[in-house]
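For reference, data24.cif is printed below; it contains mmCIF, C-alpha atoms.
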data_input
loop_
_atom_site.label_atom_id
_atom_site.label_comp_id
_atom_site.auth_asym_id
_atom_site.auth_seq_id
_atom_site.Cartn_x
_atom_site.Cartn_y
_atom_site.Cartn_z
CA MET A 1275 10.07 7.86 -6.75
CA VAL A 1276 6.62 6.61 -7.75
CA ARG A 1277 4.53 9.41 -9.20
CA LYS A 1278 0.80 9.35 -9.92
CA ASN A 1279 1.21 8.19 -13.53
CA ASP A 1280 3.72 5.55 -12.41
CA ALA A 1281 1.30 4.24 -9.79
CA ILE A 1282 -1.47 3.94 -12.36
CA GLU A 1283 0.86 2.24 -14.86
CA ILE A 1284 2.02 -0.31 -12.25
CA ILE A 1285 -1.54 -1.07 -11.11
CA ASN A 1286 -2.53 -1.53 -14.75
CA TYR A 1287 0.23 -4.15 -15.18
CA ALA A 1288 -1.79 -6.34 -12.82
CA GLU A 1289 -5.31 -5.39 -13.78
CA ASP A 1290 -4.67 -5.68 -17.53
CA ASN A 1291 -3.65 -9.29 -16.84
CA GLY A 1292 -6.64 -10.18 -14.66
CA ILE A 1293 -4.77 -9.87 -11.36
CA ASP A 1294 -6.49 -8.10 -8.49
CA VAL A 1295 -4.31 -5.71 -6.48
CA TRP A 1296 -5.01 -3.73 -3.34
CA ILE A 1297 -3.02 -0.59 -2.54
CA ASP A 1298 -1.46 -0.08 0.89
CA GLY A 1299 1.01 2.39 2.37
CA GLY A 1300 1.29 6.01 1.26
CA TRP A 1301 -0.39 5.53 -2.10
CA GLY A 1302 -3.16 3.59 -0.35
CA VAL A 1303 -3.70 6.55 1.97
CA ASP A 1304 -3.71 9.04 -0.89
CA ALA A 1305 -6.11 6.82 -2.87
CA LEU A 1306 -8.54 6.87 0.06
CA LEU A 1307 -8.15 10.65 0.29
CA GLU A 1308 -8.49 10.87 -3.52
CA VAL A 1309 -5.61 13.35 -3.73
CA GLU A 1310 -1.83 13.04 -3.82
CA THR A 1311 -0.76 14.64 -0.54
CA ARG A 1312 2.99 13.92 -0.61
CA PRO A 1313 5.78 12.35 -2.69
CA HIS A 1314 6.02 8.55 -2.62
CA ASN A 1315 9.25 6.57 -2.64
CA ASP A 1316 7.37 3.38 -3.53
CA ILE A 1317 3.99 1.77 -4.01
CA ASP A 1318 2.78 -1.04 -1.75
CA LEU A 1319 0.64 -3.66 -3.49
CA PHE A 1320 -1.12 -6.71 -2.10
CA VAL A 1321 -1.68 -9.65 -4.45
CA GLU A 1322 -3.08 -13.07 -3.76
CA GLU A 1323 -0.36 -15.72 -3.46
CA VAL A 1324 -1.71 -17.68 -6.46
CA ASN A 1325 -0.89 -14.64 -8.65
CA ASP A 1326 2.52 -13.84 -7.16
CA ARG A 1327 4.71 -15.62 -9.74
CA ARG A 1328 2.64 -14.44 -12.68
CA PHE A 1329 2.77 -10.84 -11.48
CA ALA A 1330 6.53 -11.15 -10.86
CA GLU A 1331 6.96 -12.24 -14.50
CA ILE A 1332 4.91 -9.23 -15.64
CA LEU A 1333 7.12 -6.93 -13.57
CA LYS A 1334 10.26 -8.49 -15.09
CA ARG A 1335 8.88 -7.97 -18.61
CA ASN A 1336 8.38 -4.31 -17.72
CA GLY A 1337 11.96 -3.78 -16.56
CA PHE A 1338 11.70 -4.47 -12.83
CA VAL A 1339 14.16 -6.63 -10.95
CA GLU A 1340 13.74 -8.14 -7.52
CA VAL A 1341 16.03 -6.66 -4.87
CA THR A 1342 16.74 -7.97 -1.41
CA GLU A 1343 16.19 -5.65 1.53
CA SER A 1344 16.52 -6.27 5.26
CA TYR A 1345 12.73 -6.44 5.56
CA THR A 1346 11.94 -8.73 2.62
CA SER A 1347 10.36 -12.10 3.41
CA ALA A 1348 8.56 -14.95 1.69
CA CYS A 1349 5.43 -12.74 1.66
CA HIS A 1350 7.09 -9.40 0.93
CA SER A 1351 9.34 -8.80 -2.05
CA VAL A 1352 10.77 -5.56 -3.39
CA TRP A 1353 11.03 -4.68 -7.08
CA LYS A 1354 12.90 -1.80 -8.68
CA ASP A 1355 13.38 -0.53 -12.21
CA SER A 1356 16.00 1.66 -13.89
CA ASN A 1357 13.89 4.77 -13.14
CA ASP A 1358 14.14 4.03 -9.39
CA ARG A 1359 10.47 3.15 -9.16
CA ILE A 1360 10.03 0.74 -6.24
CA ILE A 1361 7.24 -1.74 -5.68
CA ASP A 1362 6.75 -3.35 -2.28
CA LEU A 1363 4.86 -6.49 -3.24
CA HIS A 1364 2.96 -8.21 -0.43
CA THR A 1365 1.41 -11.62 -1.02
CA PHE A 1366 -1.39 -13.14 1.01
CA ARG A 1367 -3.34 -16.38 1.01
CA ILE A 1368 -7.09 -16.74 1.31
CA LYS A 1369 -7.95 -18.98 4.25
CA THR A 1370 -11.74 -18.68 4.04
CA SER A 1371 -14.10 -16.29 2.31
CA TYR A 1372 -13.77 -14.05 5.38
CA VAL A 1373 -10.11 -14.50 6.38
CA ILE A 1374 -6.74 -13.98 4.71
CA ILE A 1375 -3.30 -14.99 5.96
CA TYR A 1376 -0.41 -12.57 5.65
CA GLU A 1377 2.98 -13.38 7.17
CA GLY A 1378 1.38 -16.11 9.28
CA GLU A 1379 -1.28 -13.86 10.78
CA ASP A 1380 -5.03 -14.03 10.15
CA TYR A 1381 -6.80 -10.85 9.01
CA PRO A 1382 -10.42 -10.31 8.08
CA PHE A 1383 -10.89 -10.10 4.31
CA SER A 1384 -12.69 -6.80 4.99
CA VAL A 1385 -9.20 -5.25 5.32
CA PHE A 1386 -9.45 -4.99 1.52
CA SER A 1387 -12.80 -3.16 1.53
CA GLY A 1388 -11.38 0.28 0.76
CA THR A 1389 -11.80 2.01 -2.56
CA GLY A 1390 -10.19 5.21 -3.67
CA LYS A 1391 -8.81 7.11 -6.60
CA ILE A 1392 -5.38 7.79 -7.97
CA GLY A 1393 -5.95 10.51 -10.51
CA ASN A 1394 -9.08 9.43 -12.39
CA LYS A 1395 -8.45 5.71 -11.75
CA THR A 1396 -10.60 3.95 -9.17
CA VAL A 1397 -8.51 1.48 -7.16
CA LYS A 1398 -9.01 -1.12 -4.45
CA CYS A 1399 -7.09 -0.52 -1.26
CA ILE A 1400 -6.78 -1.25 2.44
CA ASP A 1401 -9.67 0.49 4.21
CA ALA A 1402 -9.02 3.63 6.30
CA GLU A 1403 -9.38 2.04 9.74
CA ASN A 1404 -6.90 -0.70 8.93
CA GLN A 1405 -4.52 1.77 7.27
CA VAL A 1406 -4.38 3.55 10.65
CA LEU A 1407 -3.96 0.27 12.55
CA PHE A 1408 -1.15 -0.80 10.20
CA HIS A 1409 0.70 2.40 11.14
CA LEU A 1410 1.08 1.14 14.73
CA GLY A 1411 3.78 -0.87 16.46
CA TYR A 1412 6.90 0.46 14.77
CA GLU A 1413 9.07 3.57 14.82
CA PHE A 1414 7.12 5.97 12.63
CA ASP A 1415 8.39 8.95 10.66
CA GLU A 1416 6.97 12.25 9.38
CA ASP A 1417 5.23 10.54 6.46
CA ASP A 1418 3.46 8.20 8.88
CA ILE A 1419 2.36 11.13 11.05
CA HIS A 1420 1.12 12.91 7.93
CA ASP A 1421 -0.82 9.85 6.72
CA VAL A 1422 -2.41 9.02 10.09
CA LYS A 1423 -3.44 12.62 10.69
CA LEU A 1424 -5.16 12.96 7.32
CA LEU A 1425 -6.91 9.57 7.57
CA CYS A 1426 -8.17 10.31 11.07
CA GLN A 1427 -9.43 13.73 10.01
CA LYS A 1428 -11.19 12.61 6.83
CA PHE A 1429 -12.71 9.39 8.17
CA ASN A 1430 -13.41 10.54 11.75
CA ILE A 1431 -11.10 7.90 13.22
CA PRO A 1432 -9.72 8.51 16.73
CA VAL A 1433 -6.00 9.34 16.63
CA PRO A 1434 -4.07 6.39 18.15
CA ASP A 1435 -2.36 7.17 21.47
CA GLU A 1436 1.15 6.69 20.10
CA TYR A 1437 0.47 9.40 17.48
CA ALA A 1438 -1.56 11.82 19.61
CA SER A 1439 1.23 14.20 20.65
CA LYS A 1440 2.86 14.10 17.19
CA VAL A 1441 -0.38 14.81 15.32
CA GLN A 1442 -1.17 17.72 17.66
CA SER A 1443 2.30 19.24 17.20
CA ASN A 1444 2.23 18.70 13.45
CA SER A 1445 -0.84 20.75 12.66
CA GLU A 1446 0.60 22.51 9.60
CA ILE A 1447 0.18 19.57 7.24
CA SER A 1448 -1.42 20.78 4.05
CA LYS A 1449 -3.98 18.85 2.09
#
Here is the file; what I need is its structure written in the form of structure tokens.
Amino acid sequence: MVRKNDAIEIINYAEDNGIDVWIDGGWGVDALLEVETRPHNDIDLFVEEVNDRRFAEILKRNGFVEVTESYTSACHSVWKDSNDRIIDLHTFRIKTSYVIIYEGEDYPFSVFSGTGKIGNKTVKCIDAENQVLFHLGYEFDEDDIHDVKLLCQKFNIPVPDEYASKVQSNSEISK
């Protein structure tokens, strides 16, 4: 479990060492909403490829070990510590000042234009529109429905078709 104070501590590992990080996933959603809306099993961080090894060493010094999961790849590693805090670490490469490459795909750098808050800490994150888009194309769960619904409500984003019936039937999500 990654709680609010854990998330801030982990982000500070990078920032205190001059490494930019962008938050994705559930904590990225809650940062955009500026409130913790649900428990988080992990924290998803994006770091530039040139900082990947340095950040990995920082994680090791702070008690994290790399673990292999079925979904890990050259651009996506998973780190865990003895308190069961999990970091999904995503690395990207800058192609141009407007384009990044992640897992072989080009994305506009504007994907990283979101800002939010975790507690009193201002953080950089994936913007709301792309958070919703990144929730598409896989078998989603209740947390995904929760996240998409709240993002669409707060940022006036149309609910994607594949979520429409689930968001309508799941109207009791609390903020």
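Distance annotation: of A:Glu1436, A:Phe1386, A:Arg1359, A:Ile1332, the residue with the minimal separation from Val1373 in chain A is A:Phe1386; atom set is all atoms listed in the file.
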**Q.** Nearest to Phe1383 in chain A, chosen from A:Glu1322, A:Asp1435, A:Glu1340, A:Asp1415, with all atoms listed in the file counted in the distances
**A.** A:Glu1322
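Closest to Pro1382 in chain A among A:Ala1438, A:Phe1366, A:Thr1396, A:Val1295 is A:Phe1366, based on only C-alpha atoms.
For the residues A:Asn1279, A:Gln1442, A:Ser1356, A:Thr1311, ranking by smallest atom-to-atom distance to Lys1334 in chain A using all atoms listed in the file places A:Ser1356 first.
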Q. Taking (-16.1, -3.8, 10.1) in the file's coordinates as the center, which residues reach within 12 Å of it, counting all atoms listed in the file, put as a list in words?
A. Tyr1372, Tyr1381, Pro1382, Phe1383, Ser1384, Val1385, Phe1386, Ser1387, Gly1388, Asp1401, Ala1402, Glu1403 and Asn1404 of chain A
Q.
I'd like the interatomic distance between CA of Ala1281 in chain A and CA of Cys1426 in chain A, to a tenth of an Å.
A. 23.7 Å
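Put simply, the PyMOL selection byres ((chain A and resi 1316) around 10) in this file takes in A:Met1275, A:Val1276, A:Arg1277, A:Asp1280, A:Ala1281, A:Gly1299, A:Gly1300, A:Trp1301, A:Pro1313, A:His1314, A:Asn1315, A:Ile1317, A:Asp1318, A:Leu1319, A:Val1352, A:Trp1353, A:Lys1354, A:Asp1358, A:Arg1359, A:Ile1360, A:Ile1361, A:Asp1362.
The space between CA of Leu1407 in chain A and CA of Arg1367 in chain A spans 20.3 Å.
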Q. Any chance you could work out the residue set of the PyMOL selection byres ((chain A and resi 1397) around 12) here, as a ChimeraX atom specification?
A. /A:1281-1282,1284-1286,1288-1289,1294-1298,1301-1308,1319,1386-1396,1398-1401
Q. What does the distance between CA of His1420 in chain A and CA of Val1441 in chain A come to in Å, to one decimal place?
A. 7.8 Å
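With all atoms listed in the file as the atoms that count, the residue of A:Val1422, A:Ala1348, A:Val1341, A:Ile1368 with the shortest distance to Val1324 in chain A is A:Ile1368.
Excluding Tyr1287 in chain A itself and same-chain residues fewer than 3 positions from it, the residues having an atom within 9 Å of it are Ile1282, Glu1283, Ile1284, Asp1290, Asn1291, Ile1293, Phe1329, Ile1332, Leu1333 and Asn1336 of chain A, counting all atoms listed in the file.
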For the residues selected in the previous step, produce a file with C-alpha atoms as a CSV table (one decimal), keeping the file's coordinate frame.
chain,number,residue,atom,x,y,z
A,1282,ILE,CA,-1.5,3.9,-12.4
A,1283,GLU,CA,0.9,2.2,-14.9
A,1284,ILE,CA,2.0,-0.3,-12.2
A,1290,ASP,CA,-4.7,-5.7,-17.5
A,1291,ASN,CA,-3.6,-9.3,-16.8
A,1293,ILE,CA,-4.8,-9.9,-11.4
A,1329,PHE,CA,2.8,-10.8,-11.5
A,1332,ILE,CA,4.9,-9.2,-15.6
A,1333,LEU,CA,7.1,-6.9,-13.6
A,1336,ASN,CA,8.4,-4.3,-17.7
Q | Residue IDs satisfying the PyMOL selection byres ((chain A and resi 1409) around 9), as a list in words | A | Gly1299, Asn1404, Gln1405, Val1406, Leu1407, Phe1408, Leu1410, Gly1411, Tyr1412, Phe1414, Asp1418, Ile1419, Asp1421 and Val1422 of chain A
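Across A:Ile1374, A:Lys1369, A:Lys1423, A:Glu1379, the tightest approach to Lys1440 in chain A is made by A:Lys1423 when counting only C-alpha atoms.
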